[in-house]
Every structure is written in C-alpha cells, then in structure tokens.
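Student: Please find one structure pasted underneath; my questions will follow.
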Amino acid sequence: GSRVTNVEVIENSLLECRGLLYAYDALYVNANNSKGFYRLRDTDGNGTFDEKKLLLKTEGGVGHGRNHVVLGPDDMIYLVHGNNVKLPDNLAATSPYQYFGEDQLIKNPWDNAWSGGNLAAPGGHILRTDKDGTKFELFAGGFRNEMDIAFNEDGEMFTYDADLEWDVGLPWYRPTRVNHVIPGGEYGWRRGTGKCPPYYPDTLPAVVDTGLGSPTGMEFGTKSKFPARLRKALFICDWAYGRILVVHLTPTGSTYTGSFETFAQGRPLNVTDIKFGPDGALYLVTGGRQTQSGLYRISYVGEHKPEAKVDGFDEVAFEAEAARMLRQISESNQKRLADKPQQAIGALFTQMASDDRFGRFAARVALEHQSVHLWSQRALSEKNPRAALHALLALVRVGDANQKVSAISNLAQFDLDKMSEQDLLVALRAFAVGFARLGKLDTTSAVTIRSKLEPLYPHTSWRVNHELCELLTVLGSTKLRQRTFDLLAKTNEPADFMHYLITVRYQAKGWTLDDLSTYFKHLNRATYAHRGSYYQRSVKSLRAEFDKKLPPQVKQQLGAVMREPAPPSDAIPEKVEAPRFVRDWKMNDLTGDLDKASKGRSFDAGRRAFIAARCVQCHQFGNLSPRVTVGPDLTGVASRFSRKDLLESIINPSKAIGDKYRQSKVTLKDGDIVVGTIVGGDGQTLVLQPNPLADETVTVKKADIASNEFAATSSMPTALLSVLTREQILDLLAFLESSGNRHHAAFDR
C-alpha cells in the first residue's frame with residue numbers, strides 16, 4: 001500500500017479548524033476554538049502563508065460552533081455556525097435574515113436549565129461575506145447544529161441539521177433533517193421548549209426528515225462520475241450511525257421534497273466529511289471524539305454516461321423553474337425599494353396569496369424589509385384573505401405598538417371558523433406573535449378575541465388544538481381546562497400529553513379538587529408513554545411544581561393519585577444486583593483478547609453483562625429501556641466506535657465527552673465546589689443535579705458563584721467493568737456490536 005513520504009505544516013496556531021476553503025488565492029479558516037474566521041495568504045510567492053488576518057471575531061461556545069466554510073455559486077463565502085456561536089456585532093443592514101425573536105407565547109420556567117436554554121435566537125445561523133470580509137450578512141437562522149451546506153445545479157442551498165434526541169416524544173422535538181435554505185429563511189430552533197414546529201407559517205419545513213442521527217459533511221453528486229440519478233442527488237454524512245445517506249430531491253413548487261436511502265454504511269464508519277475529487281470519486285474522512293481517523297475513496301466501476309436528454313417539453317421542470325423564479329424575484333426585493341415601490345409591493349401581496357409555501361414566505365420576508373408605512377394600510381385593507389393573513393403576520397413582527405394592535409384587531413374580524421387548517425394556522429400564529437411582541441392586550445380586546453377563539457376549541461386538527469390551547473390560556477378562558485381534559489382523554493400520543501399538561505397548568509386560578517385529581521390521572525397515564533430523558537424530566541418537573549404549590553391539606557385529600565406510578569413491567573429496574581468485584585480492568589489487560597469478541601460469543605450472556613455492569617441504568621439499547629434515558633442510545637454505537645474505541649470509552653469515559661453530556665463545575669466564592677447537571681434555576685439561583693440517576697438537587701445562589709465551567713470528568717462511572725470477568729466483557733462487546741440482533745455473526749447459532 002501507499003505510505004506518507006512528506007508532511008508539511010501549513011499553520012498550527014489556529015485551534016480546531018473545522019472549516020477550510022481555498023479560494024481567491026487564499027486559505028479561509030473557520031477556527032472553532034480560536035473563535036474567529038481567518039484568511040491566510042502567500043503575499044511574497046514563496047509557497048508559505050506569511051499573512052494571517054482575522055476577518056471576523058465570533059464569541060460564544062465551541063460545542064456547536066464555527067463549522068464549514070463554503071464558496072457559493074454567487075462567488076460569495078458562506079460561514080456555517082451552530083447554536084453556541086453568538087451573532088457578531090455590526091452585521092450588515094442588507095442582511096436577508098432580520099426581525100427574528102423568541103416569539104414564545106408563554107415562557108416556560110424550565111427553559112434556561114435545558115439544553116440550549118442560555119442561548120438566544122436565532123441559534124445556528126449562516127453568514128455571507130465577500131473575499132475580503134468587507135461586510136457580513138446574516139443569511140438564514142434557526143438551526144441547532146448544521147455542520148455544512150451544499151448547492152445544487154439550480155444554485156439552491158441545502159443543509160443537514162441535527163436533532164436533540166433527548167426531546168424525542170415531546171411536542172417541540174425536531175428530527176434530524178435536510179433543509180432547503182433560502183435568503184431570510186427561518187428554520188425554527190429556539191431555546192428549551194420554545195422550538196417552532198414546522199407548520200408555523202414563519203418557519204420553513206424540512207425537505208425530508210431522516211430520524212435520529214448526527215449530521216456532519218454533505219455534497220451534491222454533480223461533479224461525480226456516478227450514475228445519473230446519483231449525480232443529481234445530495235450525499236449527507238451521519239456520524240452517529242456510521243453511514244452516508246443519499247437524498248433524492250423532487251421539485252415541489254419553488255422548493256423540493258425528498259426521499260433518502262443508505263449509500264454506504266460501516267461498523268464503524270464514523271464519517272466526518274465527504275468531497276468528490278477531480279477523478280469523480282467520493283472521498284470520505286472518518287474520526288471524531290478521539291477515535292482513529294481514516295481517509296477512504298469510493299469509486300464507481302462502470303461506464304460514465306452523460307445524462308440522457310428528455311425529449312419534448314418537460315412540464316414539471318418548467319413549472320418548478322417558474323416557481324423558483326417567482327420566489328427569487330421576491331428575494332431580490334428584500335432590499336429597500338426606491339424605484340416604484342408600490343408596484344413591487346403589489347407583486348409581493350400577489351405572491352403571498354399563492355399556493356407556494358416557500359414563495360409566500362419569501363414574499364412576506366421581502367415585505368418586512370420595506371418601510372412599514374408603504375404597506376401597513378394595505379395589510380389592514382387587503383381583500384384577498386390569504387395575502388391579508390401573511391401581511392398581518394408581517395405587521396405584528398415589524399410594526400410599532402399601534403400597528404400591532406391594529407393588526408390583531410383586524411385578525412379578529414376574519415371568519416376563523418370557515419378557514420382551512422393552513423390559513424387558520426397563519427391567523428393563530430399572527431395572534432401569538434402579536435401577543436408575544438406586544439406584551440399585553442387591553443381587557444376589551446382580550447375578551448373579543450377570546451370569544452372568537454373559544455368556539456374553535458377543540459378543533460379537528462391537532463395542530464390547531466395545540467395553538468388554541470396556548471392562546472386561550474393567555475386569554476384566560478374559563479372553558480379551557482375541561483376541554484383540554486377532554487382532549488387528553490382521547491389521546492395516547494406522548495407529544496399531546498406533554499403539550500396539554502404543560503400548557504393547562506399555566507392557568508393558575510380556579511382549580512377545583514376534581515380538576516387536580518383529573519390532571520394527575522392524565523399525568524400518571526402519560527408518565528411512561530415515553531422514556532426519553534427530557535420527556536421524563538418534563539413529567540418530574542410538572543409533579544414538582546404542583547407538590548411545591550399545593551397546600552398540605554389539598555395534597556392529603558388527593559392522596560395516592562399524586563404519587564408517581566410504578567414503571568411498566570418491561571422496564572429494567574433501576575437497582576440491579578451487581579455481582580461481586582472481579583478486577584479493576586485496564587486497557588492493557590484486554591486489548592490482546594479483542595479479536596475473541598468476533599465469534600463464539602453468547603447473546604444472552606452479553607445482555608446479562610449489559611445489565612450487571614449497570615449500562616442499562618442510563619442507556620437505551622434495542623428493546624432494553626432504562627427508567628430514564630440519560631446517556632446516548634447505544635443501539636448503533638458500533639457504527640461510530642471501533643471495538644477498541646468502544647472498550648476505551650467504557651474504561652475511560654472522561655477521555656472524550658460529548659458537550660451535551662458534560663456536567664457543570666460550579667465553584668463558589670467560599671471555595672466549595674458543586675458538580676452536576678443544571679436542571680433549573682431563575683434569575684437568582686441555579687439548581688444542579690449531582691447524580692443523573694437520583695432526584696436530589698443542590699440549589700446555589702448566583703451571587704455566590706465565583707465560576708461556572710464544564711467539568712473535566714464524565715458523570716459515567718469509571719469502574720463499570722470491574723464486576724465482569726474477561727469472558728463477560730467479550731460477550732458485552734459482541735452484544736454492543738450486534739445492535740441487539742441475536743443472529744449477529746459473533747454469536748453461537
């Protein structure tokens with residue numbers, strides 16, 4: 001095989017360079033741990049980069065940080081940032097993405113203690129600049145941790161954004177997904193529970209959801225020498241499940257819908273990035289979390305044929321191109337219009353009335369970029385209902401207080417009961433954004449709007465019901481509680497359970513003993529509907545709130561209904577009787593035996609070892625479920641870790657800790673140290689949970705804190721294998737590599 005003959009250091013002072021782009025005779029670097037975007041140039045032609053210039057300083061964290069740098073088809077440079085990066089100061093006034101906000105109708109007191117809870121909108125975002133970094137525009141936002149972007153042959157941008165698997169089962173869960181990114185696009189990530197569902201008219205939906213995963217690099221097959229159907233496809237990397245997926249896009253209006261299939265998969269294949277080379281082959285890099293890295297090439301063996309031309313008129317392609325052109329006209333009108341503004345505004349109103357969702361979105365965004373006085377009166381008098389609804393949504397987003405009040409009053413005049421679900425959701429969202437940004441309505445207006453919304457609840461649409469539940473809570477509806485209980489009685493969906501149980505408890509007044517009893521019966525029914533970490537935290541938080549607020553005599557009257565029900569019989573009990581101590585195993589004790597985990601092992605023995613070593617207390621694995629999942633799902637762990645890396649991660653769990661699994665180390669001014677997961681708090685206090693498997697918490701005053709930083713050690717114990725024999729450890733490794741498949745090659749048949 002080939003070997004490395006020479007290594008040349010290009011630059012070694014910039015830390016964790018996630019994004020690299022060579023363009024305009026310069027190397028552009030997004031240096032994550034150096035918290036900056038740099039340009040390196042060879043100014044004297046001697047073959048070395050003698051100039052290092054900081055083009056943009058970026059504050060914030062480094063977990064979901066400064067990711068890829070990509071040259072766009074418009075010759076502009078795009079920077080991809082995750083939700084830990086704060087927006088830079090002095091963004092250009094020409095930025096497509098503006099006027100964003102939290103827009104959370106009811107602020108949940110848990111949010112600041114949950115993942116991303118200390119991060120403000122817009123979260124993950126994409127910046128655009130020129131070759132000299134003259135100005136930086138905010139292009140799009142509302143992502144969690146989009147690592148990369150790619151452009152198709154139409155010049156349209158796509159990204160692959162990450163989910164938060166702890167949110168699974170909750171109404172604000174957003175799957176890992178591919179997004180079509182347009183100028184000014186909003187993709188809905190917000191802190192804590194405030195994430196925007198894809199049906200919001202001011203949030204854009206995914207091209208395709210891909211389920212659980214960990215997105216890294218992506219690339220279109222345009223320059224490949226693969227078959228024609230793959231040259232049009234989007235290749236995306238999933239680090240967590242060791243696979244490269246191929247997404248097939250179908251033009252739909254001015255956007256696309258998609259389907260996906262597995263292109264390549266390995267055990268492990270912890271792929272971090274891909275690129276098509278000049279030879280038309282796909283090059284991929286693996287590694288991450290201090291695992292062994294590698295460079296691989298996938299080539300197509302077969303004749304490279306040009307794409308067959310379509311005979312005759314392609315009506316579908318023509319209509320899609322026409323829709324994209326209309327959307328792009330709206331996008332071009334994002335700039336303030338000096339020449340014939342009313343003509344352009346008229347075109348935007350026409351586009352907002354169309355059936356094309358991305359076109360309507362782009363037109364509303366462009367309208368918001370114009371001086372409000374040019375279009376506010378038309379928004380209030382527009383005859384086309386759909387155009388009027390989107391214009392009123394724009395007005396509550398960018399208008400002054402009086403204009404917001406006028407827009408809300410105008411919305412109340414619509415025949416809401418006769419609207420389609422699509423249009424009704426626009427009206428309800430406009431109400432919600434208006435209330436959130438205005439602050440408070442006068443009593444008369446609140447009563448009027450409440451009387452319009454109450455007859456709609458419950459609705460035939462669950463989406464409408466979710467929105468009405470929040471709106472009627474804010475508006476003080478006395479009919480809300482019983483109608484919500486009726487909805488709870490008819491559902492078995494975990495997301496419904498949590499939405500209604502969380503929302504209805506905001507109405508503090510008028511609770512009877514029967515109401516409380518009914519609430520707890522539904523909470524008990526919901527408790528084990530899902531066992532995800534944040535789902536269970538939600539259940540516990542609801543119980544804790546009521547336990548704290550209810551008087552002792554009321555709790556006594558409620559009795560057993562307030563107590564948490566026992567786990568289902570199929571759940572592994574929290575307390576597992578561990579065998580006696582065997583040995584304090586080290587890597588050197590076992591590395592020589594790793595090959596023995598490949599055959600002759602026992603599935604049942606591996607399962608028993610998984611339980612005995614207490615792995616099951618924190619981790620989901622196949623159909624083995626802990627009471628509360630607090631660690632990563634291990635079902636697909638062999639897709640991202642080799643056998644040696646997997647063993648080392650068990651023996652030395654602090655070697656590489658994922659950011660969302662890090663505990664906080666809080667040092668107090670008196671010298672005391674508290675280590676734990678932040679699970680609550682307010683403006684004055686911070687609540688930490690030292691043991692993720694115990695309910696006990698520690699509350700500290702923020703005024704007493706000297707420092708708050710990530711703990712260097714993992715919450716995962718270091719001696720889990722000490723209760724297992726050598727043979728049991730080998731059975732455990734085979735079990736973990738099997739993904740729960742009893743017929744895996746490692747097991748005796």
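Each chain in the structure tokens gets a letter, A, B, ..., in the order shown, and its residues are numbered from 1; ligands are numbered from 1 in order too.
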Pull the strand (DSSP E) assignments for region 219-468 of chain A out of DSSP run on the backbone, and list those residues as a PyMOL selection string.

Tutor: chain A and resi 219-220+234-238+243-252+255-265+271-276+282-286+294-298

Student: Write out, as a short mmCIF file (atom, residue, chain, number, x, y, z; two decimals), in the first residue's frame, the residues just selected, with N, CA and C atoms.

Tutor:
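File produced: again-v8.cif:
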```
data_model
loop_
_atom_site.label_atom_id
_atom_site.label_comp_id
_atom_site.auth_asym_id
_atom_site.auth_seq_id
_atom_site.Cartn_x
_atom_site.Cartn_y
_atom_site.Cartn_z
N GLU A 219 -22.51 16.87 0.33
CA GLU A 219 -22.03 17.25 -1.00
C GLU A 219 -23.02 16.74 -2.04
N PHE A 220 -23.27 17.55 -3.06
CA PHE A 220 -24.06 17.07 -4.20
C PHE A 220 -23.17 16.23 -5.11
N LEU A 234 -28.16 14.39 -3.32
CA LEU A 234 -27.40 15.02 -2.23
C LEU A 234 -26.88 13.92 -1.31
N PHE A 235 -25.57 13.90 -1.08
CA PHE A 235 -24.95 12.94 -0.19
C PHE A 235 -24.74 13.60 1.17
N ILE A 236 -25.20 12.94 2.24
CA ILE A 236 -25.10 13.51 3.58
C ILE A 236 -24.49 12.49 4.52
N CYS A 237 -23.71 12.98 5.49
CA CYS A 237 -22.98 12.11 6.40
C CYS A 237 -23.63 12.08 7.77
N ASP A 238 -23.84 10.88 8.28
CA ASP A 238 -24.39 10.68 9.62
C ASP A 238 -23.32 9.99 10.47
N ARG A 243 -22.90 6.13 8.58
CA ARG A 243 -23.48 5.91 7.25
C ARG A 243 -23.42 7.19 6.42
N ILE A 244 -23.46 7.00 5.13
CA ILE A 244 -23.67 8.10 4.18
C ILE A 244 -25.02 7.84 3.53
N LEU A 245 -25.90 8.81 3.63
CA LEU A 245 -27.22 8.71 3.01
C LEU A 245 -27.22 9.48 1.70
N VAL A 246 -28.04 9.05 0.77
CA VAL A 246 -28.23 9.79 -0.47
C VAL A 246 -29.68 10.25 -0.52
N VAL A 247 -29.86 11.56 -0.72
CA VAL A 247 -31.18 12.17 -0.72
C VAL A 247 -31.56 12.51 -2.16
N HIS A 248 -32.70 12.00 -2.60
CA HIS A 248 -33.21 12.29 -3.94
C HIS A 248 -34.25 13.39 -3.82
N LEU A 249 -34.03 14.46 -4.56
CA LEU A 249 -34.87 15.66 -4.46
C LEU A 249 -35.87 15.73 -5.60
N THR A 250 -37.08 16.11 -5.27
CA THR A 250 -38.14 16.30 -6.27
C THR A 250 -38.61 17.74 -6.21
N PRO A 251 -38.49 18.52 -7.31
CA PRO A 251 -39.01 19.89 -7.28
C PRO A 251 -40.49 19.91 -6.93
N THR A 252 -40.84 20.76 -5.98
CA THR A 252 -42.21 20.89 -5.50
C THR A 252 -42.49 22.37 -5.27
N THR A 255 -39.71 24.90 -4.02
CA THR A 255 -38.78 24.18 -3.16
C THR A 255 -38.68 22.73 -3.62
N TYR A 256 -38.38 21.84 -2.71
CA TYR A 256 -38.18 20.44 -3.06
C TYR A 256 -38.73 19.56 -1.93
N THR A 257 -39.15 18.38 -2.27
CA THR A 257 -39.38 17.34 -1.29
C THR A 257 -38.36 16.24 -1.56
N GLY A 258 -38.19 15.33 -0.61
CA GLY A 258 -37.12 14.37 -0.79
C GLY A 258 -37.41 13.02 -0.19
N SER A 259 -36.63 12.05 -0.62
CA SER A 259 -36.60 10.72 -0.04
C SER A 259 -35.14 10.35 0.11
N PHE A 260 -34.84 9.39 0.99
CA PHE A 260 -33.44 9.05 1.19
C PHE A 260 -33.25 7.54 1.28
N GLU A 261 -32.03 7.13 1.00
CA GLU A 261 -31.65 5.73 1.12
C GLU A 261 -30.20 5.69 1.57
N THR A 262 -29.78 4.54 2.09
CA THR A 262 -28.40 4.38 2.53
C THR A 262 -27.50 4.14 1.33
N PHE A 263 -26.44 4.93 1.22
CA PHE A 263 -25.47 4.78 0.14
C PHE A 263 -24.30 3.92 0.61
N ALA A 264 -23.78 4.18 1.81
CA ALA A 264 -22.67 3.41 2.36
C ALA A 264 -22.83 3.34 3.87
N GLN A 265 -22.46 2.22 4.45
CA GLN A 265 -22.58 2.05 5.89
C GLN A 265 -21.46 1.16 6.37
N VAL A 271 -18.13 8.83 9.83
CA VAL A 271 -17.73 9.74 8.75
C VAL A 271 -17.95 11.19 9.17
N THR A 272 -16.91 12.00 8.96
CA THR A 272 -16.98 13.41 9.36
C THR A 272 -17.13 14.36 8.17
N ASP A 273 -16.65 13.95 6.99
CA ASP A 273 -16.80 14.84 5.83
C ASP A 273 -16.60 14.04 4.55
N ILE A 274 -17.13 14.59 3.45
CA ILE A 274 -17.00 13.97 2.13
C ILE A 274 -16.70 15.04 1.10
N LYS A 275 -16.10 14.61 0.01
CA LYS A 275 -15.82 15.52 -1.11
C LYS A 275 -15.63 14.68 -2.37
N PHE A 276 -16.18 15.13 -3.48
CA PHE A 276 -15.92 14.48 -4.76
C PHE A 276 -14.64 15.05 -5.34
N LEU A 282 -15.72 9.58 -4.70
CA LEU A 282 -16.13 10.18 -3.43
C LEU A 282 -15.06 9.88 -2.39
N TYR A 283 -14.50 10.93 -1.79
CA TYR A 283 -13.51 10.80 -0.73
C TYR A 283 -14.19 11.09 0.60
N LEU A 284 -13.91 10.26 1.60
CA LEU A 284 -14.54 10.47 2.90
C LEU A 284 -13.50 10.34 4.01
N VAL A 285 -13.70 11.14 5.05
CA VAL A 285 -12.82 11.15 6.22
C VAL A 285 -13.61 10.67 7.41
N THR A 286 -13.00 9.80 8.23
CA THR A 286 -13.65 9.32 9.45
C THR A 286 -12.86 9.77 10.67
N GLY A 294 -9.44 8.11 9.36
CA GLY A 294 -9.00 7.46 8.13
C GLY A 294 -9.54 8.19 6.91
N LEU A 295 -8.89 8.02 5.78
CA LEU A 295 -9.32 8.61 4.51
C LEU A 295 -9.64 7.47 3.55
N TYR A 296 -10.86 7.49 3.00
CA TYR A 296 -11.33 6.43 2.12
C TYR A 296 -11.80 7.02 0.78
N ARG A 297 -11.85 6.16 -0.24
CA ARG A 297 -12.34 6.57 -1.55
C ARG A 297 -13.36 5.54 -2.04
N ILE A 298 -14.48 6.05 -2.56
CA ILE A 298 -15.49 5.20 -3.17
C ILE A 298 -15.59 5.59 -4.64
#
```

Student: For Leu501 (chain A), work out the shell of residues within 8 Å, counting only C-alpha atoms and skipping chain neighbours fewer than 4 positions away, then give it as a list in words.

Tutor: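 Surrounding residues, per the criterion: Phe497, Arg505, Tyr519 and Leu523 of chain A.
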
Student: When you draw a straight line from CA of Pro227 (chain A) to CA of Tyr241 (chain A), how long is it in Å?

Tutor: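 Computing the Euclidean distance for CA of Pro227 (chain A) and CA of Tyr241 (chain A) yields 25.3 Å.
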
Student: So, counting only C-alpha atoms, which residue among A:Ser538, A:Arg177, A:Gly36, A:Ala31 is closest to Asn108 (chain A)?

Tutor: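 Comparing A:Ser538, A:Arg177, A:Gly36, A:Ala31 against Asn108 (chain A), the winner is A:Ser538.
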
Student: Determine, counting only C-alpha atoms, which protein, DNA and RNA residues have an atom within 10 Å of an atom of Ser409 (chain A); residues of the same chain fewer than 5 positions away are not included. Present the result as a PyMOL selection string.

Tutor: chain A and resi 380+403-404+414+431+445-446+448-449

Student: Based on the backbone DSSP call, show me all residues of region 692-743 of chain A assigned helix (DSSP H, G or I), as a list of chain:residue names.

Tutor: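 Going through region 692-743 of chain A, the helix (DSSP H, G or I) residues come out as A:Lys702, A:Ala703, A:Asp704, A:Leu720, A:Leu721, A:Ser722, A:Val723, A:Arg726, A:Glu727, A:Gln728, A:Ile729, A:Leu730, A:Asp731, A:Leu732, A:Leu733, A:Ala734, A:Phe735, A:Leu736, A:Glu737.
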